[in-house]
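Trainee: Input: one structure, supplied below.
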Amino acid sequence: MASRSFANLLDLLGDLPDIPHTPRTLPRVMTAPGIISDLDVYGRNDVGSDVSSSGSGCRERKIIVANMLPLKAKRDIDTGKWCFSLDEDSILLQLKDGFSFDSEVIYVGSLKVEIDAGEQDEVAKKLLEDFNCVPTFLPHDLQKKFYLGFCKQQLWPLFHYMLPMCPDHGDRFDRSLWQAYVSANKIFADMVMEIINPDDDFVWVHDYHLMVLPTFLRKRFNRVKLGFFLHSPFPSSEIYRTLPVRDEILKGLLNSDLIGFHTFDYARHFLSCCSRMLGLDYESKRGHIGLDYFGRTVFIKILPVGIHMGRLESVLNLPSTSAKVKEIQEEFKGRKVILGVDDMDIFKGISLKLLAVEHLLQQNPNLQGKVVLIQIVNPARGSGKDVQEAKRETYLIAQRINDIYGTNHYRPVILIDRPVPRFEKSAYYAVAECCIVNAVRDGMNLVPYKYIVCRQGTAQMDKALGRTSDSPRTGMLVVSEFIGCSPSLSGAIRVNPWDVDAVADALYSAITMSDSEKQLRHEKHFRYVSSHDVAYWAHSFMQDLERACKDHYTKRCWGIGLGLGFRVVSLSPGFRKLSMDHIVSAYKRTNRRAIFLDYDGTVVPQSSINNIPSPEVISVLNALCNDTKNTVFLVSGRGRDSLSDWFSSCKRMGLVAEHGYFLRWSEDSEWETTQVSADLDWKNIVEPIMQLYTETTDGSNMEIKESALVWRHQDADPDFGKSQAKELLNHLESVLANEPAVAKKGQHIVEVNPQGISKGLVAEKVLSTMVNGGNLPDFVMCIGDDISDEDMFESILRTVSCPSLPIAPEIFACTVGQKPSKAKYYLDDPSDVLKLLQCLGASSNPKPRHLAQFQVSFESRV
């Protein structure tokens with residue numbers, strides 16, 4: 001039956017009296033106009049008269065969004081009504097222990113059962129009132145395509161490094177499944193929008209099912225406080241780039257304020273994808289990794305999730321657990337138990353684990369009859385032929401091992417392929433001398449953590465095991481290198497699951513290791529697991545999310561882009577797009593104008609293959625230069641020969657080459673060197689070093705200028721080029737420590753210039769000459785696009801804002817592109833710059849001007 005969702009949560013409670021306007025900051029769930037329900041996750045419903053009169057102030061609200069709600073559901077046989085209860089084993093429920101006591105937690109997600117359309121409103125009302133849960137009722141067909149289709153058949157295999165190379169091995173990309181994924185994410189986002197107080201609430205989205213949801217929320221609320229945590233691996237760029245919708249998903253994640261990963265490897269892969277596919281760079285800012293994304297800093301969090309110690313210890317104290325422990329001890333008396341607990345899927349490496357056990361028994365006949373592998377197989381989360389093949393292979397290998405090495409009273413491999421209750425698993429954890437997790441790829445995997453806590457035990461468990469409270473605790477772990485918990489378990493024996501011989505050797509070491517060594521390893525693990533539990537993880541993530549959002553209201557925000565390409569530009573409050581009318585008006589009413597223009601990326605596109613200025617550019621520049629009121633300078637990093645050749649027809653335009661090393665006031669004047677010292681001997685040191693990096697970095701090249709040397713790596717591999725640039729910069733800084741030169745890193749370049757050279761100093765020199773010559777400017781315009789132009793913006797503001805000047809000129813410092821800048825204005829791209837210059841040129845006085853008097857004035861001072 002087709003599913004339907006209620007239009008608005010406010011409609012659920014029926015007719016209510018008219019209540020005065022509610023304060024803007026809503027500390028609780030808004031359930032009706034003006035009525036605030038005092039709900040919590042355990043189902044209390046203590047309605048007060050007035051929230052603000054309670055004196056407690058506003059409660060913090062956290063909205064947790066995930067594919068599934070932390071609920072269990074079943075239909076009552078007698079009444080036919082749905083009954084719900086909290087799933088105490090859900091991490092989503094456990095993480096609230098990391099929040100402050102005053103925090104209110106609201107959950108948005110789907111149910112594990114399908115609710116008929118006629119019952120949805122009633123169920124939604126009950127879940128909101130009793131559990132603070134907001135269900136997203138997806139139509140059956142959409143749910144199937146979204147979860148079983150795109151999530152499980154396309155994203156899940158890809159994120160675990162499986163490519164659909166042929167139809168029999170993974171499913172090819174299906175555009176209809178992607179559309180279902182986007183539609184489902186939109187429904188989740190709509191439910192969040194119904195309950196959110198965007199100025200106050202924090203939203204935490206979980207896992208790969210909802211990776212484009214941040215785009216929908218950010219589009220509706222530009223300043224939403226939004227975190228995302230990925231519980232699965234993130235593949236390397238070579239794998240991820242095969243996904244046809246790769247950019248849409250990356251941009252979706254980047255609409256978060258904080259993105260969390262279990263390991264540095266996963267974060268590194270994500271950052272590499274952002275660099276290679278979106279051209280974004282990242283840097284470490286006081287210990288926090290940040291990506292600059294259109295003025296917003298998207299922070300990266302690296303912290304593996306933990307377990308709920310109290311929940312696990314409470315299970316250990318159950319009488320049923322103790323009874324099961326005694327039963328297991330009796331059944332496997334005199335034998336060493338190795339335990340495996342895995343879902344039945346192709347990535348858990350169960351068959352590889354069995355092959356390693358087979359090799360262990362084959363190489364060590366003395367262990368036959370003394371070692372038992374108990375493999376608990378959890379129900380598969382997905383379906384399909386891959387799962388069935390993995391299951392069939394597992395049973396065949398287990399049967400072969402038992403036939404060869406087993407006896408009437410001994411089976412070396414015991415498969416438990418049924419739903420195993422929590423107490424029974426905990427009993428096996430407590431008894432097993434070794435636990436092996438052999439997954440070929442897994443996001444986190446908390447099995448080793450659970451094993452460690454169960455081996456530590458409790459007072460009740462000590463009695464069941466027949467040990468004293470002060471007896472040493474031991475436990476050995478054999479873990480795959482390719483699971484998220486591996487880096488945090490330094491005492492475990494790490495293995496490559498594909499190397500069956502090495503896994504067998506690791507198992508042998510684990511069961512034959514001395515008790516004292518086992519104890520040391522176990523104690524080290526328990527210290528980590530007990531101090532990095534799920535509450536610590538949640539608290540740390542939320543703390544970083546608050547830090548990432550603290551500057552939301554100090555900047556101006558606006559959205560740009562269509563569909564899933566939407567993003568928010570966040571810039572300083574005074575930063576705005578340069579209005580043509582505004583600057584033309586100022587231009588017309590002023591009489592002495594100084595104009596500074598960068599070239600590459602400003603007058604012509606940075607990516608242009610043909611760098612020679614077009615006739616249109618020459619015409620516009622001449623229109624400006626021929627105005628007697630204008631002093632125009634083109635300030636570039638290019639060499640003077642190129643500039644002289646390209647702009648030979650611009651007779652009255654000043655040129656600055658090599659970032660300020662050379663200056664020419666007009667076509668009729670000579671090039672001057674602005675550097676006091678002409679010592680360029682350092683080039684003999686730098687050139688062979690740059691040549692070495694050029695030879696060892698494919699796609700890089702070196703440019704030799706008269707005053708500078710430049711190493712470019714824009715065509716190299718992004719990661720390798722960036723790494724080599726960093727290494728080259730460090731190398732150059734060390735060898736130039738006592739030389740009159742400085743090495744600087746720019747966008748895809750490393751450049752070495754003489755000390756004291758910058759565009760800013762040239763702008764300051766030109767303006768000072770004008771002031772000293774009695775030509776005090778009343779209009780200053782400077783346009784540039786990169787970091788070298790930031791020096792020019794700063795220098796102009798400092799020079800013309802001098803208190804000794806009688807009148808401060810109108811200043812138009814303008815950067816190209818919407819990005820953080822010292823400039824007050826921005827234009828979108830070089831085409832916008834050209835339009836502006838055309839407008840100014842059309843407003844200019846066409847009469848030619850002569851620079852002779854100004855030239856003499858300058859030369860007398862030089």
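Labels used: A, B, ... for chains in the order of the structure tokens, numbers from 1 for residues in each chain, and numbers from 1 for ligands as shown.
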In range 387-570 of chain A, what's strand (DSSP E) per DSSP? Answer as a PyMOL selection string?

Mentor: chain A and resi 413-416+434-437+476-480+493-495+556-560+567-570

Trainee: Which range 551-611 of chain A residues have any atom within 12 Å of an atom of range 649-669 of chain A, and for each, what is the nearest pair of atoms with distance in Å to one decimal, counting only C-alpha atoms, rows sorted by chain and number, as CSV?

Mentor:
```
residue,atom,partner,partner_atom,distance
A:Ala594,CA,A:Gly654,CA,11.0
A:Ile595,CA,A:Gly654,CA,10.0
A:Phe596,CA,A:Gly654,CA,9.3
A:Leu597,CA,A:Leu655,CA,9.8
A:Asp598,CA,A:Val656,CA,9.5
A:Tyr599,CA,A:Val656,CA,10.3
```

Trainee: Can you write just those residues out, N, CA, C and O atoms, as a PDB file, in the first residue's frame?

Mentor:
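Writing done, so here's again_23.pdb:
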```
ATOM      1  N   ALA A 594      43.703  56.379  -9.188  1.00  0.00           N
ATOM      2  CA  ALA A 594      44.781  55.380  -9.285  1.00  0.00           C
ATOM      3  C   ALA A 594      44.131  54.011  -9.462  1.00  0.00           C
ATOM      4  O   ALA A 594      43.277  53.608  -8.661  1.00  0.00           O
ATOM      5  N   ILE A 595      44.523  53.301 -10.511  1.00  0.00           N
ATOM      6  CA  ILE A 595      43.912  52.005 -10.836  1.00  0.00           C
ATOM      7  C   ILE A 595      45.009  50.954 -10.946  1.00  0.00           C
ATOM      8  O   ILE A 595      45.951  51.104 -11.733  1.00  0.00           O
ATOM      9  N   PHE A 596      44.892  49.889 -10.138  1.00  0.00           N
ATOM     10  CA  PHE A 596      45.863  48.785 -10.135  1.00  0.00           C
ATOM     11  C   PHE A 596      45.128  47.505 -10.543  1.00  0.00           C
ATOM     12  O   PHE A 596      44.129  47.132  -9.916  1.00  0.00           O
ATOM     13  N   LEU A 597      45.632  46.827 -11.552  1.00  0.00           N
ATOM     14  CA  LEU A 597      44.997  45.617 -12.067  1.00  0.00           C
ATOM     15  C   LEU A 597      45.988  44.465 -12.117  1.00  0.00           C
ATOM     16  O   LEU A 597      47.083  44.593 -12.679  1.00  0.00           O
ATOM     17  N   ASP A 598      45.629  43.356 -11.525  1.00  0.00           N
ATOM     18  CA  ASP A 598      46.378  42.118 -11.717  1.00  0.00           C
ATOM     19  C   ASP A 598      46.073  41.607 -13.128  1.00  0.00           C
ATOM     20  O   ASP A 598      45.109  42.052 -13.771  1.00  0.00           O
ATOM     21  N   TYR A 599      46.866  40.653 -13.605  1.00  0.00           N
ATOM     22  CA  TYR A 599      46.637  40.165 -14.974  1.00  0.00           C
ATOM     23  C   TYR A 599      46.012  38.760 -14.974  1.00  0.00           C
ATOM     24  O   TYR A 599      44.817  38.615 -15.193  1.00  0.00           O
TER      25      TYR A 599
END
```

Trainee: Please provide the set of residues having any atom within 6 Å of range 438-453 of chain A, restricted to only C-alpha atoms, with same-chain residues fewer than 5 positions apart removed, written as a PyMOL selection string.

Mentor: chain A and resi 160+231-233+347-349+429+479-480+482-485+497

Trainee: Excluding range 617-628 of chain A and residues on its chain fewer than 3 positions from it, collect all residues at most 10 Å away from it, counting only C-alpha atoms, and give them as a ChimeraX atom specification.

Mentor: /A:591-593,595,597,603-604,612-614,631-634,646-654,834-851

Trainee: Let me see the file: selected residues, C-alpha atoms, as a compact mmCIF listing (two decimals), in the first residue's frame.

Mentor:
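Below you can see again_25.txt, which holds the result:
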```txt
# COMPACT_ATOMS: atom_id res chain seq x y z
CA ASN A 591 39.41 63.78 -10.69
CA ARG A 592 42.61 61.94 -9.70
CA ARG A 593 42.29 58.17 -9.96
CA ILE A 595 43.91 52.01 -10.84
CA LEU A 597 45.00 45.62 -12.07
CA VAL A 603 41.95 40.49 -16.66
CA VAL A 604 42.25 37.06 -18.31
CA ILE A 612 47.91 36.95 -24.76
CA PRO A 613 45.40 39.75 -24.11
CA SER A 614 42.54 39.97 -26.58
CA THR A 631 46.95 56.57 -13.48
CA VAL A 632 46.69 52.93 -14.56
CA PHE A 633 49.12 50.14 -13.64
CA LEU A 634 49.03 46.49 -14.64
CA TRP A 646 51.69 42.14 -25.13
CA PHE A 647 50.92 45.73 -24.08
CA SER A 648 53.06 47.66 -26.54
CA SER A 649 49.94 49.39 -27.84
CA CYS A 650 49.00 50.66 -24.37
CA LYS A 651 51.37 53.62 -24.56
CA ARG A 652 50.31 55.34 -21.36
CA MET A 653 49.83 52.32 -19.07
CA GLY A 654 52.29 51.56 -16.31
CA LEU A 834 36.09 43.22 -18.06
CA LYS A 835 32.48 44.47 -17.91
CA LEU A 836 33.41 46.78 -15.05
CA LEU A 837 36.39 48.18 -16.92
CA GLN A 838 34.22 48.71 -19.98
CA CYS A 839 31.72 50.68 -17.90
CA LEU A 840 34.49 52.83 -16.46
CA GLY A 841 36.10 53.29 -19.88
CA ALA A 842 32.78 54.45 -21.31
CA SER A 843 32.58 57.04 -18.53
CA SER A 844 36.14 58.30 -19.08
CA ASN A 845 37.26 61.57 -20.58
CA PRO A 846 38.63 60.57 -24.02
CA LYS A 847 41.25 63.31 -24.09
CA PRO A 848 44.84 61.92 -24.02
CA ARG A 849 46.98 62.70 -21.06
CA HIS A 850 50.76 63.16 -20.70
CA LEU A 851 52.81 61.71 -17.86
```

Trainee: Using only C-alpha atoms, which residues sit within 8 Å of Ile783 in chain A once same-chain residues fewer than 2 positions away are excluded, as a ChimeraX atom specification?

Mentor: /A:596-598,602,781,785,789,813-816

Trainee: Tell me which protein, DNA and RNA residues are within 8 Å of Cys83 in chain A, counting only C-alpha atoms, leaving out same-chain ones fewer than 5 positions away, and put them as a PyMOL selection string.

Mentor: chain A and resi 73-76

Trainee: Mind writing the picked residues with N, CA and C atoms as a CSV table (one decimal), in the first residue's frame?

Mentor:
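Okay, result_0.csv is ready:
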```csv
chain,number,residue,atom,x,y,z
A,73,ALA,N,9.7,-2.7,17.3
A,73,ALA,CA,8.3,-2.6,17.0
A,73,ALA,C,7.7,-4.0,16.8
A,74,LYS,N,6.5,-4.2,17.4
A,74,LYS,CA,5.8,-5.4,17.1
A,74,LYS,C,4.3,-5.1,17.3
A,75,ARG,N,3.5,-5.9,16.6
A,75,ARG,CA,2.0,-5.7,16.7
A,75,ARG,C,1.4,-6.6,17.8
A,76,ASP,N,0.6,-6.0,18.7
A,76,ASP,CA,0.0,-6.7,19.7
A,76,ASP,C,-1.1,-7.7,19.1
```

Trainee: Quick one: of A:Ser516, A:Gln755, A:Ser322, A:Gln94, who's nearest to Asp679 in chain A, counting only C-alpha atoms?

Mentor: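 Of A:Ser516, A:Gln755, A:Ser322, A:Gln94, the one nearest Asp679 in chain A is A:Gln755, counting only C-alpha atoms.
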
Trainee: Smallest atom-to-atom distance to Ile416 in chain A: which of A:Asn378, A:Ser801, A:Asn775, A:Ser85, using only C-alpha atoms?

Mentor: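 Between A:Asn378, A:Ser801, A:Asn775, A:Ser85, the residue approaching Ile416 in chain A most closely is A:Asn378.
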
Trainee: Range 90-329 of chain A: which residues are alpha helix (DSSP H) by DSSP, as JSON, numbers by chain?

Mentor: {"A": [91, 92, 93, 94, 120, 121, 122, 123, 124, 125, 126, 127, 128, 129, 130, 131, 140, 141, 142, 143, 156, 157, 158, 159, 175, 176, 177, 178, 179, 180, 181, 182, 183, 184, 185, 186, 187, 188, 189, 190, 191, 192, 193, 194, 195, 213, 214, 215, 216, 217, 218, 219, 220, 237, 238, 239, 240, 246, 247, 248, 249, 250, 251, 252, 253, 254, 264, 265, 266, 267, 268, 269, 270, 271, 272, 273, 274, 275, 276, 277, 278, 309, 310, 311, 312, 313, 314, 315, 316, 319, 320, 321, 322, 323, 324, 325, 326, 327, 328, 329]}

Trainee: In Å, rounded to a single decimal, give me how far CA of Gln606 in chain A is from CA of Leu250 in chain A.

Mentor: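 Separation between CA of Leu250 in chain A and CA of Gln606 in chain A: 24.6 Å.
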
Trainee: Name the residues in contact with range 392-402 of chain A at a cut-off of 12 Å, using only C-alpha atoms, excluding same-chain residues fewer than 3 positions from it; report them as number ranges by chain.

Mentor: A: 344-346, 348-362, 368-369, 372-377, 385-389, 405-417

Trainee: Restricting the calculation to only C-alpha atoms, which member of A:Ser110, A:Ser585, A:Ser572, A:Asn611 is positioned closest to Ala66 in chain A?

Mentor: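 Of the candidates, the smallest distance to Ala66 in chain A is held by A:Ser110.
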
Trainee: Which residue is closest to Gln691 in chain A? Choose from A:Arg494, A:Arg712, A:Arg220, A:Lys370 and count only C-alpha atoms.

Mentor: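 Using only C-alpha atoms, the shortest distance to Gln691 in chain A belongs to A:Arg712.
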
Trainee: From the options A:Cys557, A:Leu767, A:Leu732, A:Ile493, which residue's atoms come nearest to Val710 in chain A, counting only C-alpha atoms?

Mentor: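 Selected residue with least distance to Val710 in chain A: A:Leu732.
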